[in-house]
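Student: Here it is, the structure in full.
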Amino acid sequence: MIRDGLDPAAIAEAARVIQSGGLVGFATETVYGLGADASSDQAVAGIFAAKSRPSDHPLIVHVADPAQVADYAASVPPFASRLMQVFWPGPLTVILPRKSGVAAAAAGGQDSIGLRCPAHPVARALLKACVTGVAAPSANRFGRVSPTTAKHVAEEFGDSLLVLDGGPCEVGIESSIVDCTRGRPVLLRPGVLTRAQLEAACGQPVLSNEEFMGAEAPRASGTLESHYAPNAKVRLMDASAIQTALDLLGPDAAHIAVYARAIVRIKSTQVLYRRMPDDAAATAQQLFSVLRGFDAQGVKLIWIEHPPVDPAWDGVRDRLVRAAAS
């Protein structure tokens with residue numbers, strides 16, 4: 001059932017569900033999460049079961065306050081502290097060495113753990129009411145398109161799941177993930193925060209996993225080759241290739257959707273067109289909703305124009321490349 005996430009009674013009810021070992025869907029600024037008590041391996045197992053997610057694929061633990069980091073992390077490098085000071089609460093996850101004996105299931109059995117302090121008022125109210133950290137991946141079936149509205153979550157899991165509605169997500173794609181366990185900051189998953197922003201905050205270069213030569217990276221959410229995929233087949237194309245394909249198919253084109261910055265000529269009434277914003281942040285905010293909307297209209301193919309080669313678009317590009325890999 002969907003409840004108003006700003007209603008104190010709904011927050012209290014959701015906290016009771018979490019504390020009793022149940023699952024709750026809730027709004028964050030990035031995407032909606034499917035939360036459980038991070039301290040309960042049994043409760044966390046419920047997330048993996050509901051999502052059909054492999055149990056060795058780690059979850060992110062959400063905390064209400066940076067002071068809670070000490071409950072989960074064995075140590076915090078100075079550069080990680082600087083990142084948290086600048087970007088928390090907000091769309092940043094840091095991976096830190098995990099304190100022995102805590103949140104093993106949420107960490108996917110690893111000796112590291114991902115932590116985030118979200119900025120959305122619904123998420124913050126829920127976390128404060130729960131007291132404990134809340135393990136929460138995106139509230140969708142594993143590998144599919146992330147939800148950015150409460151309705152999306154209800155479509156995934158039905159009316160039996162309590163969902164705290166906080167409106168459409170402001171950011172629209174998942175948090176940036178920075179690995180802080182290898183002595184230097186390594187960006188494992190891009191988000192709306194650019195590498196330049198991260199470097200300015202932590203005072204040193206932020207490497208990609210490919211650039212880092214050293215210990216193996218910990219597993220992290222949303223980093224599988226194929227992820228974020230709608231039911232329709234996604235293909236990334238240049239604008240000219242999209243136009244050429246539409247011209248070749250002509251009025252016979254069917255069951256196709258186009259998401260592009262370019263204005264294309266479409267001769268078939270059975271082709272859906274949605275213009276991609278010129279701004280990276282605006283595209284990120286609507287991306288998953290657009291993909292879900294195309295699926296709902298029954299298209300078989302989604303042709304998407306390649307994002308610009310610009311660091312601001314790295315998060316969107318990452319999601320599209322993984323969606324097209326399925």
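Within each chain, counting starts at residue 1; across the structure tokens, chains are named A, B, ... in the order shown, with ligands numbered 1 upward in that order.
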Which residues come within 9 Å of A:Val258, counting only C-alpha atoms, excluding same-chain residues fewer than 5 positions away, as a list in words?

Tutor: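 Near A:Val258, the qualifying residues are Ile242, Val264, Val271, Leu272, Tyr273, Arg274, Arg275, Leu301, Ile302, Trp303, Ile304 and Glu305 of chain A.
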
Student: Using DSSP secondary structure from the backbone, list all strand (DSSP E) positions within stretch 12-196 of chain A, as a PyMOL selection string.

Tutor: chain A and resi 24-26+33-37+60-62+92-97+112-116+134-135+162-165+176-179+186-189

Student: With N, CA and C atoms retained, could you export that selection as a CSV table (one decimal), in the first residue's frame?

Tutor:
chain,number,residue,atom,x,y,z
A,24,VAL,N,10.1,-2.4,3.6
A,24,VAL,CA,9.4,-1.2,3.3
A,24,VAL,C,10.0,-0.5,2.1
A,25,GLY,N,9.2,0.0,1.2
A,25,GLY,CA,9.6,0.8,0.1
A,25,GLY,C,9.6,2.2,0.5
A,26,PHE,N,10.6,3.0,0.1
A,26,PHE,CA,10.7,4.4,0.6
A,26,PHE,C,11.4,5.3,-0.4
A,33,GLY,N,14.0,3.0,-2.6
A,33,GLY,CA,14.7,1.9,-2.0
A,33,GLY,C,13.7,0.8,-1.5
A,34,LEU,N,14.2,-0.4,-1.4
A,34,LEU,CA,13.5,-1.5,-0.7
A,34,LEU,C,14.3,-1.8,0.6
A,35,GLY,N,13.8,-1.4,1.7
A,35,GLY,CA,14.6,-1.4,2.9
A,35,GLY,C,14.3,-2.5,3.9
A,36,ALA,N,15.3,-2.9,4.7
A,36,ALA,CA,15.2,-3.8,5.8
A,36,ALA,C,16.2,-3.5,6.8
A,37,ASP,N,16.1,-4.0,8.0
A,37,ASP,CA,17.0,-3.8,9.1
A,37,ASP,C,18.4,-4.3,8.7
A,60,ILE,N,23.5,-1.5,-0.1
A,60,ILE,CA,24.0,-0.3,0.5
A,60,ILE,C,23.2,-0.1,1.8
A,61,VAL,N,23.9,0.2,2.9
A,61,VAL,CA,23.3,0.5,4.1
A,61,VAL,C,23.1,2.0,4.3
A,62,HIS,N,21.9,2.4,4.5
A,62,HIS,CA,21.5,3.8,4.6
A,62,HIS,C,21.5,4.2,6.1
A,92,LEU,N,25.8,10.1,-2.6
A,92,LEU,CA,27.1,9.5,-2.6
A,92,LEU,C,27.2,8.3,-1.7
A,93,THR,N,27.7,7.1,-2.2
A,93,THR,CA,27.9,6.0,-1.3
A,93,THR,C,29.4,5.8,-1.2
A,94,VAL,N,29.9,5.5,0.0
A,94,VAL,CA,31.3,5.2,0.2
A,94,VAL,C,31.4,3.8,0.7
A,95,ILE,N,32.4,3.1,0.1
A,95,ILE,CA,32.7,1.7,0.6
A,95,ILE,C,33.9,1.8,1.5
A,96,LEU,N,33.7,1.2,2.7
A,96,LEU,CA,34.7,1.3,3.8
A,96,LEU,C,34.9,-0.2,4.3
A,97,PRO,N,36.1,-0.4,5.0
A,97,PRO,CA,36.3,-1.7,5.6
A,97,PRO,C,35.2,-1.9,6.7
A,112,SER,N,34.0,-5.5,3.3
A,112,SER,CA,33.8,-4.1,3.1
A,112,SER,C,32.3,-3.8,3.1
A,113,ILE,N,31.9,-2.6,3.3
A,113,ILE,CA,30.5,-2.2,3.3
A,113,ILE,C,30.2,-0.9,2.7
A,114,GLY,N,29.1,-0.8,1.9
A,114,GLY,CA,28.7,0.5,1.3
A,114,GLY,C,27.8,1.3,2.2
A,115,LEU,N,28.1,2.5,2.5
A,115,LEU,CA,27.2,3.4,3.3
A,115,LEU,C,26.8,4.6,2.6
A,116,ARG,N,25.6,5.1,2.9
A,116,ARG,CA,25.1,6.3,2.3
A,116,ARG,C,24.2,7.0,3.3
A,134,VAL,N,19.5,1.0,7.6
A,134,VAL,CA,18.6,0.3,6.7
A,134,VAL,C,19.3,-0.1,5.5
A,135,ALA,N,19.4,-1.4,5.2
A,135,ALA,CA,19.9,-1.9,4.0
A,135,ALA,C,18.9,-1.7,2.9
A,162,LEU,N,4.4,-2.0,2.0
A,162,LEU,CA,4.2,-0.6,2.5
A,162,LEU,C,5.2,0.3,1.8
A,163,VAL,N,4.7,1.3,1.0
A,163,VAL,CA,5.6,2.2,0.3
A,163,VAL,C,5.4,3.6,0.8
A,164,LEU,N,6.5,4.3,1.2
A,164,LEU,CA,6.4,5.7,1.7
A,164,LEU,C,6.6,6.6,0.5
A,165,ASP,N,5.6,7.3,0.1
A,165,ASP,CA,5.6,8.1,-1.1
A,165,ASP,C,6.2,9.5,-0.8
A,176,SER,N,26.5,7.8,-6.8
A,176,SER,CA,27.9,7.6,-7.1
A,176,SER,C,28.5,6.7,-6.0
A,177,ILE,N,29.3,5.7,-6.4
A,177,ILE,CA,29.9,4.8,-5.4
A,177,ILE,C,31.4,5.0,-5.5
A,178,VAL,N,32.0,5.4,-4.4
A,178,VAL,CA,33.5,5.5,-4.3
A,178,VAL,C,34.0,4.5,-3.3
A,179,ASP,N,34.9,3.7,-3.8
A,179,ASP,CA,35.6,2.7,-3.0
A,179,ASP,C,36.7,3.4,-2.2
A,186,VAL,N,38.5,5.3,-5.5
A,186,VAL,CA,38.2,4.7,-6.8
A,186,VAL,C,36.7,4.8,-7.1
A,187,LEU,N,36.4,5.3,-8.2
A,187,LEU,CA,35.0,5.5,-8.6
A,187,LEU,C,34.5,4.2,-9.2
A,188,LEU,N,33.6,3.4,-8.5
A,188,LEU,CA,33.1,2.2,-9.0
A,188,LEU,C,31.8,2.4,-9.8
A,189,ARG,N,31.0,3.3,-9.5
A,189,ARG,CA,29.8,3.6,-10.2
A,189,ARG,C,29.5,5.1,-10.3

Student: Just checking: using only C-alpha atoms, which residue out of A:Thr149, A:Ser160, A:Ser175, A:Thr132 ends up closest to A:Trp88?

Tutor: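 Closest candidate: A:Ser175.
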
Student: For atom CA of A:Thr30 and atom CA of A:Cys169, quote the distance in Å rounded to one decimal.

Tutor: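 Calculated distance between atom CA of A:Thr30 and atom CA of A:Cys169 is 5.8 Å.
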
Student: Please identify all polymer residues within 12 Å of stretch 259-261 of chain A, counting only C-alpha atoms, omitting same-chain residues fewer than 6 positions from it, and present them as a VMD selection string.

Tutor: chain A and resid 234 to 243 271 to 280 283 286 to 288 290 to 291 293 to 294 301 to 308 320

Student: Pick the closest to A:Ala296 from A:Leu248, A:Ser226, A:Glu155, A:Arg219: which is it, counting only C-alpha atoms?

Tutor: A:Glu155

Student: Report as a Markdown table: every residue of stretch 203-266 of chain A with an atom at most 12 Å from stretch 103-110 of chain A, its closest pair of atoms, and their distance in Å to one decimal, counting only C-alpha atoms, with rows sorted by chain and ascending residue number.

Tutor:
| residue | atom | partner | partner_atom | distance |
| --- | --- | --- | --- | --- |
| A:Ala217 | CA | A:Gln110 | CA | 10.9 |
| A:Pro218 | CA | A:Gln110 | CA | 7.5 |
| A:Arg219 | CA | A:Gln110 | CA | 8.0 |
| A:Ala220 | CA | A:Ala107 | CA | 9.0 |
| A:Ser221 | CA | A:Ala107 | CA | 10.1 |

Student: Considering only C-alpha atoms, return as a PyMOL selection string whatever protein or nucleic-acid residues lie within 10 Å of A:Leu198, sequence-local ones (same chain, fewer than 3 positions apart) excluded.

Tutor: chain A and resi 82-83+86-87+92+176+178+185+187+193-195+201-206

Student: What does the file look like for those residues with N, CA and C atoms, as a JSON list (two decimals), in the first residue's frame?

Tutor:
[["chain", "number", "residue", "atom", "x", "y", "z"],
["A", 82, "ARG", "N", 36.39, 13.41, 4.15],
["A", 82, "ARG", "CA", 36.16, 14.66, 3.41],
["A", 82, "ARG", "C", 35.01, 14.52, 2.42],
["A", 83, "LEU", "N", 34.92, 13.37, 1.75],
["A", 83, "LEU", "CA", 33.81, 13.14, 0.82],
["A", 83, "LEU", "C", 32.47, 13.19, 1.56],
["A", 86, "VAL", "N", 31.37, 16.74, 2.57],
["A", 86, "VAL", "CA", 30.90, 17.59, 1.47],
["A", 86, "VAL", "C", 29.56, 17.10, 0.89],
["A", 87, "PHE", "N", 29.42, 15.80, 0.73],
["A", 87, "PHE", "CA", 28.29, 15.28, -0.05],
["A", 87, "PHE", "C", 27.20, 14.59, 0.77],
["A", 92, "LEU", "N", 25.80, 10.06, -2.61],
["A", 92, "LEU", "CA", 27.13, 9.46, -2.59],
["A", 92, "LEU", "C", 27.16, 8.27, -1.66],
["A", 176, "SER", "N", 26.50, 7.84, -6.77],
["A", 176, "SER", "CA", 27.89, 7.55, -7.11],
["A", 176, "SER", "C", 28.46, 6.67, -6.01],
["A", 178, "VAL", "N", 32.02, 5.37, -4.37],
["A", 178, "VAL", "CA", 33.47, 5.53, -4.30],
["A", 178, "VAL", "C", 34.04, 4.50, -3.33],
["A", 185, "PRO", "N", 40.92, 6.89, -3.47],
["A", 185, "PRO", "CA", 39.51, 6.84, -3.89],
["A", 185, "PRO", "C", 39.38, 6.31, -5.31],
["A", 187, "LEU", "N", 36.38, 5.33, -8.19],
["A", 187, "LEU", "CA", 34.97, 5.45, -8.56],
["A", 187, "LEU", "C", 34.51, 4.15, -9.20],
["A", 193, "LEU", "N", 27.20, 13.08, -9.44],
["A", 193, "LEU", "CA", 28.42, 13.76, -9.00],
["A", 193, "LEU", "C", 29.54, 13.44, -9.97],
["A", 194, "THR", "N", 30.17, 14.46, -10.54],
["A", 194, "THR", "CA", 31.24, 14.22, -11.49],
["A", 194, "THR", "C", 32.54, 13.88, -10.77],
["A", 195, "ARG", "N", 33.46, 13.30, -11.50],
["A", 195, "ARG", "CA", 34.75, 12.98, -10.91],
["A", 195, "ARG", "C", 35.46, 14.25, -10.44],
["A", 201, "ALA", "N", 36.46, 17.64, -3.60],
["A", 201, "ALA", "CA", 36.04, 17.41, -2.21],
["A", 201, "ALA", "C", 37.08, 16.65, -1.41],
["A", 202, "CYS", "N", 37.68, 15.62, -2.02],
["A", 202, "CYS", "CA", 38.59, 14.78, -1.24],
["A", 202, "CYS", "C", 40.05, 15.22, -1.35],
["A", 203, "GLY", "N", 40.32, 16.15, -2.27],
["A", 203, "GLY", "CA", 41.67, 16.72, -2.33],
["A", 203, "GLY", "C", 42.70, 15.85, -3.00],
["A", 204, "GLN", "N", 42.27, 14.87, -3.80],
["A", 204, "GLN", "CA", 43.21, 14.03, -4.52],
["A", 204, "GLN", "C", 42.51, 13.39, -5.71],
["A", 205, "PRO", "N", 43.29, 12.85, -6.66],
["A", 205, "PRO", "CA", 42.66, 12.25, -7.84],
["A", 205, "PRO", "C", 41.74, 11.08, -7.47],
["A", 206, "VAL", "N", 40.63, 11.00, -8.18],
["A", 206, "VAL", "CA", 39.72, 9.87, -8.04],
["A", 206, "VAL", "C", 39.88, 9.01, -9.29]]
